[in-house]
Structures are given as C-alpha cells and as structure tokens.
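So the structure is just underneath, and the comments pick up after that.
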Amino acid sequence: MQIEQNISLKPYNTFGIEVFADFFISVSNIDELKQVLALKAYPNKLILGGGSNMLLTKNFEGLVIHINMKGIEIVSEDDDFVTIKASAGENWHEFVLWCINNDFGGIENLSLIPGNVGTAPIQNIGAYGVELKDTFVSCEAIALETQILKTFTKVDCHFDYRNSIFKQEAKGKYIIASVTFLLSKKSHKLHVNYGAITSQLETMQVSQPTIQDISKAVIAIRESKLPNPKEIGNSGSFFKNPVISKSNFNTLLQNFSDIPSYPVSKNEVKVPAGWLIEKAGFKGKQFGDYGVHKNQALVLVNYGNAKGSDILNLSKLIQKTVKRLFDISIEAEVNIL
C-alpha cells in the first residue's frame, strides 16, 4: 500500500478528463481502506470507484482513494433463489455477465452500464424497466469519520428514481464496500416491454427469450446508441429523466403532440430527457473537442482533450435551453467535482 504523488486521473474517469491528484492510493481490501481513512495527514479525501458517474473539472488538492476491492461470493441459495455478495471494486458489467453465465436472473436488463458495483446503489442505477433496488438486499459501507463498517438494508437506503440515502443525508459520509443481491435461479421474471427490447429480440429472431437473450438485446441496443468510453470519453447518461405532473404534461401536449412519456404514478409521468435535448437542437452538436453524441442526446462526450469545465458549461447551456423551451428542469445525473 503506497501513496503516490501528482498522479493523473485521466485513466480513472470515463470522461477521460486530464486532471491531477496531489496524492493517490489504491486499496484492495477493507483493512487497507480503514487504515487510509484514518490518516490524519490527508484531511481532504476523494473516493474514486469506476469513475463512470463523475465529471472532474479541476485538480484535486488532497488524497484520492481508488476503491479496487474485488470478489464475488455466493452467500446462500435454495432451489429458487441465490444470494450473492459482490465487492465494491468489481466492474458492474462483468458482474452482470458472471451472474448471467451462472443463470442467475434479475439484473440482465442492467447489462453494459458503466461503473463498479460499489457505486451502483448510490444512484440506484436502472435501465429498461429494471432498477438496482429490485434485487438489492443490503450493502456494507464504511463510515469515513469512524471507519466503522455498517450494513444498510433496502429500507435504510431510501431508494428512489436515481436516488438513495447516499446521495442525500449520507452523502460523503460512507464508502460502500460490498453489495448483496437476491437473484432467481429458475422461473426468471423477464422484463421485455420497456424501450426497444421487444423489437431487438424480434431482430434476433428470439420468440422465447432467456435472461441471456435479454442481456444480448440490451447490449446491442446500448452499443447502437451509446459510445464506448474507451473510444470516446463519456459518462453514459448525463441527465436524469424528469418527472412532471400530468397536468403539466397535458399542457405540453398542446404544443408538442409527439412528446413521449412513461407513467410514474396517478398524477405524474416521466419524460425522456434525451427527447427534450434533441428537440432543443443539441443532438449531434460538436463544439471543438466536446459535444453531444450523435446517436443519444443524453450523452455528453469528450472527443479528445476537452476540459471538465467545457462539459460542465455545455450541460448548463442545455439545462437553460430546455427550461426556456419546455419549462422543465433537468438535473445532472453525474457528480460534478
């Protein structure tokens, strides 16, 4: 365990933004993490996982702690279900594939989401009709101040749309060390009616899909829409899909008859932020080394050597324009540092 100095964080964030950390250390187990957190010489600390849900806008004057804890463990199982514990440093998509290869169902719709297991509960990641909370049992998290390991149940986490306790009252107070899931072993509950999954399965000539088929369909859809961060810097969806009242939506329908929506409750609907951004004229727009992706308006991209401030300013322009045109506020899904 060694603390390094003046380390570039470009390899550690999927936007590929070149900023530097005064000090940097990678930890591979809970004991190491506790030791590093207890260091009084570095009062300013930043926790870094897969770097997929953040936009770095400046150098970090302090200690960056890279969570590199690995391991997947079957905790218990019966004929129908299996409980699995995954360490925070496991790559999320690789974990999903591991489950699918073992025919464990429940998270196949979450294939190819960037990031690590440890950051997944923070924003309750979701895609194609499935959210992390649907299979979540609990997570272990270390308190930054006391280094005490605490277990958070599903109820404790206060999960909501792209939200959890870790983005609210517990923000910046805990580091997730592991996450435990309850997955099916047979009679898998399939989710195929959201987005383009059904049509993609038809293209694949699959009439009775398995969880493996759904994963392949989701991967194909995402690859057709979203750029690979290894090729073009991005953090996936930059904005949340806004939830608005049905009365506001009906007002919008008078001027925008093609506006799509998804029901949330009796009085609320979710409107795709990508549709709003595309209608505002930003889809495919490039501003030098940065811009909005040509296939998915939700994705802001770094084409080369963009600064984090460039991406941030573009996001603010998009928010301002969407608010002016539709009177809808869209929130950033990524953490801006």
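Identifiers for the structure tokens are assigned positionally: chains receive A, B, ... in sequence, residues are indexed from 1 per chain, and ligands are indexed from 1 in the order shown.
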Determine which residues of region 27-226 of chain A DSSP labels as strand (DSSP E or B) from the backbone of this structure, then write them out as a PyMOL selection string. chain A and resi 27+45-48+54-55+60-67+72-77+81-87+91+105+116+126-127+130-131+136-143+149-153+160+163+174-184
Using 12 Å as the limit and counting only C-alpha atoms, can you tabulate each residue of region 95-181 of chain A that touches region 37-58 of chain A, with its shortest atom-to-atom distance in Å and the two atoms involved, as a Markdown table?
| residue | atom | partner | partner_atom | distance |
| --- | --- | --- | --- | --- |
| A:Leu112 | CA | A:Ser52 | CA | 11.9 |
| A:Ile113 | CA | A:Ser52 | CA | 9.2 |
| A:Pro114 | CA | A:Ser52 | CA | 5.9 |
| A:Gly115 | CA | A:Gly50 | CA | 4.6 |
| A:Asn116 | CA | A:Gly50 | CA | 5.1 |
| A:Val117 | CA | A:Gly50 | CA | 8.7 |
| A:Gly118 | CA | A:Gly49 | CA | 7.2 |
| A:Thr119 | CA | A:Gly49 | CA | 6.9 |
| A:Ala120 | CA | A:Asn53 | CA | 9.7 |
| A:Ile122 | CA | A:Asn53 | CA | 10.1 |
| A:Gln123 | CA | A:Asn53 | CA | 9.3 |
| A:Ile125 | CA | A:Asn53 | CA | 10.5 |
| A:Ile142 | CA | A:Leu37 | CA | 9.5 |
| A:Ala143 | CA | A:Leu37 | CA | 9.1 |
| A:Leu144 | CA | A:Leu37 | CA | 6.3 |
| A:Glu145 | CA | A:Leu37 | CA | 7.7 |
| A:Thr146 | CA | A:Ala38 | CA | 8.1 |
| A:Gln147 | CA | A:Leu37 | CA | 6.9 |
| A:Ile148 | CA | A:Leu37 | CA | 10.7 |
| A:Arg162 | CA | A:Asn53 | CA | 11.8 |
| A:Lys171 | CA | A:Ile47 | CA | 11.8 |
| A:Gly172 | CA | A:Ile47 | CA | 9.0 |
| A:Lys173 | CA | A:Ile47 | CA | 10.7 |
| A:Tyr174 | CA | A:Ile47 | CA | 9.7 |
| A:Ile175 | CA | A:Ile47 | CA | 7.6 |
| A:Ile176 | CA | A:Gly49 | CA | 9.9 |
| A:Ala177 | CA | A:Gly49 | CA | 10.6 |
Could you state the separation of CA of Asn250 (chain A) and CA of Leu300 (chain A) in Å, given to one decimal place?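 Those two atoms sit 29.2 Å apart.
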Set the distance at 9 Å and use only C-alpha atoms: which residues neighbour region 95-107 of chain A once local chain neighbours fewer than 2 positions away are removed? I'd like the list as an MDAnalysis selection string. chainID A and resid 72 81:82 86 90:93 109:112 116:117 130:132 134:135 182:190 211:212 215
Using only C-alpha atoms: which of A:Leu314, A:Leu252, A:Ile277, A:Val36 has the shortest distance to Met1 (chain A):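 Nearest to Met1 (chain A): A:Val36.
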Tell me which protein, DNA and RNA residues are within 6 Å of region 3-9 of chain A, counting only C-alpha atoms, leaving out same-chain ones fewer than 6 positions away, and put them as a list in words.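 Everything that qualifies: Val19, Phe20, Ala21, Asp22, Phe23, Phe24 and Ile25 of chain A.
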Can you write just those residues out, all heavy atoms, as a PDB file, in the first residue's frame?
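Below is the file that was written, selection_27.pdb:
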ATOM      1  N   VAL A  19      -7.005  15.663 -15.264  1.00  0.00           N
ATOM      2  CA  VAL A  19      -6.770  16.439 -14.052  1.00  0.00           C
ATOM      3  C   VAL A  19      -5.829  15.617 -13.169  1.00  0.00           C
ATOM      4  O   VAL A  19      -5.624  14.414 -13.417  1.00  0.00           O
ATOM      5  CB  VAL A  19      -8.080  16.756 -13.283  1.00  0.00           C
ATOM      6  CG1 VAL A  19      -8.986  17.649 -14.108  1.00  0.00           C
ATOM      7  CG2 VAL A  19      -8.793  15.479 -12.878  1.00  0.00           C
ATOM      8  N   PHE A  20      -5.266  16.254 -12.155  1.00  0.00           N
ATOM      9  CA  PHE A  20      -4.269  15.575 -11.335  1.00  0.00           C
ATOM     10  C   PHE A  20      -4.670  15.560  -9.866  1.00  0.00           C
ATOM     11  O   PHE A  20      -5.355  16.464  -9.390  1.00  0.00           O
ATOM     12  CB  PHE A  20      -2.901  16.256 -11.490  1.00  0.00           C
ATOM     13  CG  PHE A  20      -2.269  16.037 -12.836  1.00  0.00           C
ATOM     14  CD1 PHE A  20      -2.627  16.823 -13.916  1.00  0.00           C
ATOM     15  CD2 PHE A  20      -1.343  15.027 -13.022  1.00  0.00           C
ATOM     16  CE1 PHE A  20      -2.062  16.615 -15.160  1.00  0.00           C
ATOM     17  CE2 PHE A  20      -0.760  14.810 -14.272  1.00  0.00           C
ATOM     18  CZ  PHE A  20      -1.130  15.611 -15.346  1.00  0.00           C
ATOM     19  N   ALA A  21      -4.237  14.508  -9.195  1.00  0.00           N
ATOM     20  CA  ALA A  21      -4.431  14.394  -7.749  1.00  0.00           C
ATOM     21  C   ALA A  21      -3.099  14.648  -7.071  1.00  0.00           C
ATOM     22  O   ALA A  21      -2.062  14.115  -7.491  1.00  0.00           O
ATOM     23  CB  ALA A  21      -4.940  13.002  -7.386  1.00  0.00           C
ATOM     24  N   ASP A  22      -3.112  15.469  -6.015  1.00  0.00           N
ATOM     25  CA  ASP A  22      -1.877  15.697  -5.260  1.00  0.00           C
ATOM     26  C   ASP A  22      -1.326  14.383  -4.729  1.00  0.00           C
ATOM     27  O   ASP A  22      -0.126  14.122  -4.793  1.00  0.00           O
ATOM     28  CB  ASP A  22      -2.144  16.655  -4.088  1.00  0.00           C
ATOM     29  CG  ASP A  22      -2.310  18.095  -4.543  1.00  0.00           C
ATOM     30  OD1 ASP A  22      -2.091  18.371  -5.742  1.00  0.00           O
ATOM     31  OD2 ASP A  22      -2.660  18.944  -3.697  1.00  0.00           O
ATOM     32  N   PHE A  23      -2.246  13.542  -4.203  1.00  0.00           N
ATOM     33  CA  PHE A  23      -1.853  12.245  -3.661  1.00  0.00           C
ATOM     34  C   PHE A  23      -2.864  11.189  -4.107  1.00  0.00           C
ATOM     35  O   PHE A  23      -4.043  11.486  -4.291  1.00  0.00           O
ATOM     36  CB  PHE A  23      -1.769  12.291  -2.134  1.00  0.00           C
ATOM     37  CG  PHE A  23      -0.819  13.331  -1.615  1.00  0.00           C
ATOM     38  CD1 PHE A  23      -1.293  14.581  -1.231  1.00  0.00           C
ATOM     39  CD2 PHE A  23       0.538  13.077  -1.534  1.00  0.00           C
ATOM     40  CE1 PHE A  23      -0.429  15.553  -0.765  1.00  0.00           C
ATOM     41  CE2 PHE A  23       1.418  14.050  -1.065  1.00  0.00           C
ATOM     42  CZ  PHE A  23       0.938  15.293  -0.689  1.00  0.00           C
ATOM     43  N   PHE A  24      -2.393   9.945  -4.270  1.00  0.00           N
ATOM     44  CA  PHE A  24      -3.248   8.877  -4.816  1.00  0.00           C
ATOM     45  C   PHE A  24      -2.850   7.547  -4.197  1.00  0.00           C
ATOM     46  O   PHE A  24      -1.665   7.235  -4.039  1.00  0.00           O
ATOM     47  CB  PHE A  24      -3.077   8.809  -6.338  1.00  0.00           C
ATOM     48  CG  PHE A  24      -3.879   7.732  -7.010  1.00  0.00           C
ATOM     49  CD1 PHE A  24      -5.148   7.999  -7.522  1.00  0.00           C
ATOM     50  CD2 PHE A  24      -3.374   6.438  -7.153  1.00  0.00           C
ATOM     51  CE1 PHE A  24      -5.881   7.017  -8.153  1.00  0.00           C
ATOM     52  CE2 PHE A  24      -4.117   5.443  -7.781  1.00  0.00           C
ATOM     53  CZ  PHE A  24      -5.371   5.747  -8.284  1.00  0.00           C
ATOM     54  N   ILE A  25      -3.865   6.732  -3.850  1.00  0.00           N
ATOM     55  CA  ILE A  25      -3.606   5.387  -3.358  1.00  0.00           C
ATOM     56  C   ILE A  25      -4.732   4.463  -3.792  1.00  0.00           C
ATOM     57  O   ILE A  25      -5.898   4.869  -3.867  1.00  0.00           O
ATOM     58  CB  ILE A  25      -3.457   5.372  -1.819  1.00  0.00           C
ATOM     59  CG1 ILE A  25      -2.953   3.999  -1.352  1.00  0.00           C
ATOM     60  CG2 ILE A  25      -4.767   5.740  -1.123  1.00  0.00           C
ATOM     61  CD1 ILE A  25      -2.503   3.988   0.094  1.00  0.00           C
TER      62      ILE A  25
END
Counting only C-alpha atoms, the option among A:Gln2, A:Ser164, A:Thr203, A:Ser178 closest to Ile30 (chain A): A:Ser178
Give me, as a PyMOL selection string, all polymer residues having an atom no more than 10 Å from Ser315 (chain A), counting only C-alpha atoms and skipping those fewer than 4 positions away in the same chain. chain A and resi 238-239+291-292+300+309-311+319-321+330-332
Selected residues, all heavy atoms, written as a CSV table (one decimal), in the first residue's frame, please.
chain,number,residue,atom,x,y,z
A,238,PHE,N,-26.0,11.7,-19.0
A,238,PHE,CA,-25.5,12.8,-18.2
A,238,PHE,C,-26.7,13.4,-17.3
A,238,PHE,O,-26.5,13.9,-16.2
A,238,PHE,CB,-25.0,13.9,-19.0
A,238,PHE,CG,-24.1,15.0,-18.3
A,238,PHE,CD1,-22.8,14.8,-18.2
A,238,PHE,CD2,-24.8,16.1,-17.7
A,238,PHE,CE1,-22.0,15.8,-17.5
A,238,PHE,CE2,-24.0,17.0,-17.0
A,238,PHE,CZ,-22.7,16.8,-16.9
A,239,PHE,N,-27.9,13.3,-17.8
A,239,PHE,CA,-29.1,13.9,-17.2
A,239,PHE,C,-30.1,12.8,-16.8
A,239,PHE,O,-30.2,11.8,-17.4
A,239,PHE,CB,-29.8,14.9,-18.1
A,239,PHE,CG,-28.9,16.0,-18.5
A,239,PHE,CD1,-28.3,16.1,-19.8
A,239,PHE,CD2,-28.7,17.1,-17.7
A,239,PHE,CE1,-27.5,17.1,-20.2
A,239,PHE,CE2,-27.9,18.2,-18.1
A,239,PHE,CZ,-27.3,18.2,-19.3
A,291,GLY,N,-19.0,17.8,-27.0
A,291,GLY,CA,-20.3,18.0,-27.6
A,291,GLY,C,-21.3,17.0,-27.1
A,291,GLY,O,-21.2,16.4,-26.1
A,292,VAL,N,-22.4,16.8,-27.9
A,292,VAL,CA,-23.5,15.9,-27.6
A,292,VAL,C,-23.4,14.8,-28.6
A,292,VAL,O,-23.3,15.0,-29.8
A,292,VAL,CB,-24.9,16.6,-27.6
A,292,VAL,CG1,-26.0,15.6,-27.3
A,292,VAL,CG2,-24.9,17.8,-26.7
A,300,LEU,N,-23.2,13.4,-23.1
A,300,LEU,CA,-22.2,14.4,-23.4
A,300,LEU,C,-20.8,13.8,-23.6
A,300,LEU,O,-20.5,12.8,-22.9
A,300,LEU,CB,-22.1,15.5,-22.3
A,300,LEU,CG,-23.5,16.1,-22.0
A,300,LEU,CD1,-23.2,17.3,-21.0
A,300,LEU,CD2,-24.3,16.6,-23.2
A,309,SER,N,-14.5,21.7,-17.4
A,309,SER,CA,-15.3,22.9,-17.4
A,309,SER,C,-16.1,23.1,-18.7
A,309,SER,O,-17.2,23.7,-18.8
A,309,SER,CB,-14.4,24.2,-17.1
A,309,SER,OG,-13.4,24.2,-18.1
A,310,ASP,N,-15.5,22.6,-19.8
A,310,ASP,CA,-16.2,22.7,-21.1
A,310,ASP,C,-17.4,21.9,-21.1
A,310,ASP,O,-18.5,22.3,-21.5
A,310,ASP,CB,-15.3,22.1,-22.2
A,310,ASP,CG,-14.0,23.0,-22.5
A,310,ASP,OD1,-14.1,24.2,-22.3
A,310,ASP,OD2,-13.0,22.4,-22.9
A,311,ILE,N,-17.3,20.6,-20.6
A,311,ILE,CA,-18.5,19.8,-20.5
A,311,ILE,C,-19.5,20.4,-19.5
A,311,ILE,O,-20.8,20.4,-19.8
A,311,ILE,CB,-18.1,18.4,-20.0
A,311,ILE,CG1,-17.0,17.8,-20.9
A,311,ILE,CG2,-19.3,17.4,-19.9
A,311,ILE,CD1,-17.4,17.4,-22.2
A,319,GLN,N,-29.4,22.7,-20.0
A,319,GLN,CA,-30.4,22.9,-19.0
A,319,GLN,C,-31.2,24.2,-19.1
A,319,GLN,O,-32.4,24.2,-19.0
A,319,GLN,CB,-29.8,22.9,-17.6
A,319,GLN,CG,-29.3,21.5,-17.2
A,319,GLN,CD,-28.5,21.5,-15.9
A,319,GLN,OE1,-27.6,22.4,-15.7
A,319,GLN,NE2,-28.7,20.6,-15.0
A,320,LYS,N,-30.5,25.2,-19.4
A,320,LYS,CA,-31.1,26.6,-19.6
A,320,LYS,C,-32.1,26.6,-20.8
A,320,LYS,O,-33.2,27.1,-20.7
A,320,LYS,CB,-30.0,27.6,-19.7
A,320,LYS,CG,-30.5,29.0,-19.8
A,320,LYS,CD,-29.4,30.0,-19.9
A,320,LYS,CE,-29.9,31.5,-20.1
A,320,LYS,NZ,-28.7,32.4,-20.2
A,321,THR,N,-31.6,25.9,-21.9
A,321,THR,CA,-32.4,25.9,-23.1
A,321,THR,C,-33.7,25.1,-22.9
A,321,THR,O,-34.8,25.5,-23.4
A,321,THR,CB,-31.6,25.4,-24.3
A,321,THR,OG1,-30.4,26.2,-24.4
A,321,THR,CG2,-32.4,25.5,-25.6
A,330,ILE,N,-34.1,19.9,-15.9
A,330,ILE,CA,-33.5,18.6,-16.0
A,330,ILE,C,-32.2,18.6,-15.1
A,330,ILE,O,-31.4,19.6,-15.1
A,330,ILE,CB,-33.1,18.1,-17.4
A,330,ILE,CG1,-32.3,19.2,-18.2
A,330,ILE,CG2,-34.4,17.8,-18.2
A,330,ILE,CD1,-31.8,18.7,-19.5
A,331,GLU,N,-32.0,17.6,-14.3
A,331,GLU,CA,-30.9,17.5,-13.4
A,331,GLU,C,-29.8,16.7,-13.9
A,331,GLU,O,-30.0,15.7,-14.6
A,331,GLU,CB,-31.4,16.9,-12.0
A,331,GLU,CG,-32.4,17.7,-11.3
A,331,GLU,CD,-32.8,17.0,-10.0
A,331,GLU,OE1,-31.9,16.6,-9.3
A,331,GLU,OE2,-34.0,16.9,-9.7
A,332,ALA,N,-28.6,17.1,-13.6
A,332,ALA,CA,-27.4,16.2,-13.9
A,332,ALA,C,-27.5,14.9,-13.1
A,332,ALA,O,-27.8,15.0,-11.9
A,332,ALA,CB,-26.1,17.0,-13.7
From a backbone DSSP assignment, name each residue in region 115-255 of chain A labelled helix (DSSP H, G or I), as a PyMOL selection string. chain A and resi 117-119+132-134+154-157+165-167+197-203+211-225+246-255
Written file, previous selection with N, CA and C atoms, as a short mmCIF file (atom, residue, chain, number, x, y, z; two decimals), in the first residue's frame:
data_model
loop_
_atom_site.label_atom_id
_atom_site.label_comp_id
_atom_site.auth_asym_id
_atom_site.auth_seq_id
_atom_site.Cartn_x
_atom_site.Cartn_y
_atom_site.Cartn_z
N VAL A 117 -19.53 -2.01 -8.98
CA VAL A 117 -20.62 -2.47 -8.12
C VAL A 117 -20.85 -1.50 -6.96
N GLY A 118 -19.77 -0.97 -6.40
CA GLY A 118 -19.90 -0.12 -5.22
C GLY A 118 -20.63 1.18 -5.44
N THR A 119 -20.62 1.68 -6.67
CA THR A 119 -21.32 2.94 -6.94
C THR A 119 -22.75 2.72 -7.41
N LEU A 132 -31.78 -1.16 -9.69
CA LEU A 132 -30.94 -1.92 -8.77
C LEU A 132 -31.74 -2.38 -7.54
N LYS A 133 -32.61 -1.52 -7.04
CA LYS A 133 -33.35 -1.83 -5.82
C LYS A 133 -34.22 -3.08 -5.95
N ASP A 134 -34.53 -3.50 -7.19
CA ASP A 134 -35.39 -4.66 -7.41
C ASP A 134 -34.75 -5.95 -6.91
N LYS A 154 -32.35 -2.55 2.40
CA LYS A 154 -33.05 -1.84 1.33
C LYS A 154 -33.86 -0.67 1.90
N VAL A 155 -34.51 -0.91 3.03
CA VAL A 155 -35.30 0.17 3.67
C VAL A 155 -34.39 1.32 4.09
N ASP A 156 -33.22 0.98 4.64
CA ASP A 156 -32.28 2.00 5.10
C ASP A 156 -31.82 2.91 3.95
N CYS A 157 -31.76 2.36 2.74
CA CYS A 157 -31.16 3.08 1.62
C CYS A 157 -32.08 4.14 1.01
N ILE A 165 -30.09 7.17 -0.11
CA ILE A 165 -29.59 7.87 1.07
C ILE A 165 -28.16 8.37 0.85
N PHE A 166 -27.42 7.67 -0.03
CA PHE A 166 -26.02 8.02 -0.27
C PHE A 166 -25.87 9.27 -1.15
N LYS A 167 -26.97 9.73 -1.71
CA LYS A 167 -26.95 11.00 -2.44
C LYS A 167 -27.65 12.10 -1.65
N ILE A 197 -36.47 -3.39 -26.39
CA ILE A 197 -36.06 -4.78 -26.17
C ILE A 197 -36.88 -5.74 -27.03
N THR A 198 -38.20 -5.55 -27.07
CA THR A 198 -39.05 -6.45 -27.85
C THR A 198 -38.66 -6.46 -29.32
N SER A 199 -38.48 -5.29 -29.90
CA SER A 199 -38.12 -5.22 -31.32
C SER A 199 -36.73 -5.78 -31.57
N GLN A 200 -35.81 -5.59 -30.61
CA GLN A 200 -34.47 -6.13 -30.76
C GLN A 200 -34.50 -7.66 -30.71
N LEU A 201 -35.34 -8.21 -29.83
CA LEU A 201 -35.48 -9.67 -29.76
C LEU A 201 -36.07 -10.22 -31.06
N GLU A 202 -37.00 -9.46 -31.65
CA GLU A 202 -37.55 -9.87 -32.95
C GLU A 202 -36.47 -9.86 -34.02
N THR A 203 -35.62 -8.85 -33.99
CA THR A 203 -34.50 -8.78 -34.93
C THR A 203 -33.57 -9.97 -34.75
N ILE A 211 -32.72 -15.07 -20.01
CA ILE A 211 -32.03 -13.89 -19.48
C ILE A 211 -30.78 -13.59 -20.30
N GLN A 212 -30.20 -14.64 -20.89
CA GLN A 212 -29.03 -14.42 -21.75
C GLN A 212 -29.44 -13.64 -23.00
N ASP A 213 -30.59 -13.97 -23.56
CA ASP A 213 -31.08 -13.26 -24.75
C ASP A 213 -31.37 -11.79 -24.44
N ILE A 214 -31.98 -11.56 -23.28
CA ILE A 214 -32.30 -10.17 -22.91
C ILE A 214 -31.02 -9.36 -22.72
N SER A 215 -30.03 -9.96 -22.10
CA SER A 215 -28.75 -9.27 -21.93
C SER A 215 -28.14 -8.92 -23.29
N LYS A 216 -28.16 -9.87 -24.20
CA LYS A 216 -27.61 -9.62 -25.54
C LYS A 216 -28.39 -8.51 -26.25
N ALA A 217 -29.71 -8.51 -26.07
CA ALA A 217 -30.54 -7.48 -26.70
C ALA A 217 -30.21 -6.10 -26.12
N VAL A 218 -30.10 -6.03 -24.80
CA VAL A 218 -29.78 -4.76 -24.14
C VAL A 218 -28.40 -4.26 -24.58
N ILE A 219 -27.43 -5.17 -24.64
CA ILE A 219 -26.08 -4.80 -25.08
C ILE A 219 -26.11 -4.25 -26.51
N ALA A 220 -26.86 -4.92 -27.38
CA ALA A 220 -26.96 -4.47 -28.78
C ALA A 220 -27.59 -3.07 -28.86
N ILE A 221 -28.64 -2.86 -28.08
CA ILE A 221 -29.31 -1.54 -28.08
C ILE A 221 -28.37 -0.47 -27.56
N ARG A 222 -27.72 -0.75 -26.45
CA ARG A 222 -26.84 0.26 -25.85
C ARG A 222 -25.65 0.56 -26.76
N GLU A 223 -25.10 -0.48 -27.38
CA GLU A 223 -23.95 -0.24 -28.27
C GLU A 223 -24.34 0.55 -29.50
N SER A 224 -25.61 0.44 -29.93
CA SER A 224 -26.06 1.20 -31.10
C SER A 224 -26.31 2.67 -30.77
N LYS A 225 -26.53 2.95 -29.48
CA LYS A 225 -26.87 4.32 -29.06
C LYS A 225 -25.75 5.03 -28.33
N LYS A 246 -49.03 15.31 -14.45
CA LYS A 246 -49.83 15.03 -15.65
C LYS A 246 -50.45 16.29 -16.22
N SER A 247 -50.78 17.23 -15.36
CA SER A 247 -51.37 18.48 -15.85
C SER A 247 -50.35 19.27 -16.66
N ASN A 248 -49.10 19.31 -16.20
CA ASN A 248 -48.05 19.98 -16.97
C ASN A 248 -47.80 19.26 -18.28
N PHE A 249 -47.84 17.93 -18.22
CA PHE A 249 -47.63 17.15 -19.44
C PHE A 249 -48.74 17.43 -20.46
N ASN A 250 -49.97 17.48 -20.00
CA ASN A 250 -51.09 17.75 -20.91
C ASN A 250 -50.98 19.13 -21.55
N THR A 251 -50.44 20.08 -20.82
CA THR A 251 -50.20 21.42 -21.37
C THR A 251 -49.15 21.35 -22.47
N LEU A 252 -48.08 20.59 -22.22
CA LEU A 252 -47.02 20.44 -23.22
C LEU A 252 -47.55 19.76 -24.48
N LEU A 253 -48.47 18.81 -24.31
CA LEU A 253 -49.03 18.09 -25.46
C LEU A 253 -49.70 19.02 -26.47
N GLN A 254 -50.18 20.13 -26.01
CA GLN A 254 -50.85 21.07 -26.90
C GLN A 254 -49.89 21.67 -27.92
N ASN A 255 -48.62 21.79 -27.54
CA ASN A 255 -47.62 22.36 -28.44
C ASN A 255 -46.67 21.31 -29.01
#
Expressed in Å, the length from CA of Lys230 (chain A) to CA of Asn335 (chain A) is 19.8 Å
Restricting the calculation to only C-alpha atoms: of A:Val299, A:Ile244, A:Ala88, A:Ala306, which residue gets closest to Glu333 (chain A)? A:Val299
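Remark: for Tyr194 (chain A), the closest of the candidate residues A:Gly126, A:Gly16, A:Gly89, A:Gly62 is A:Gly126 (distances computed over only C-alpha atoms).
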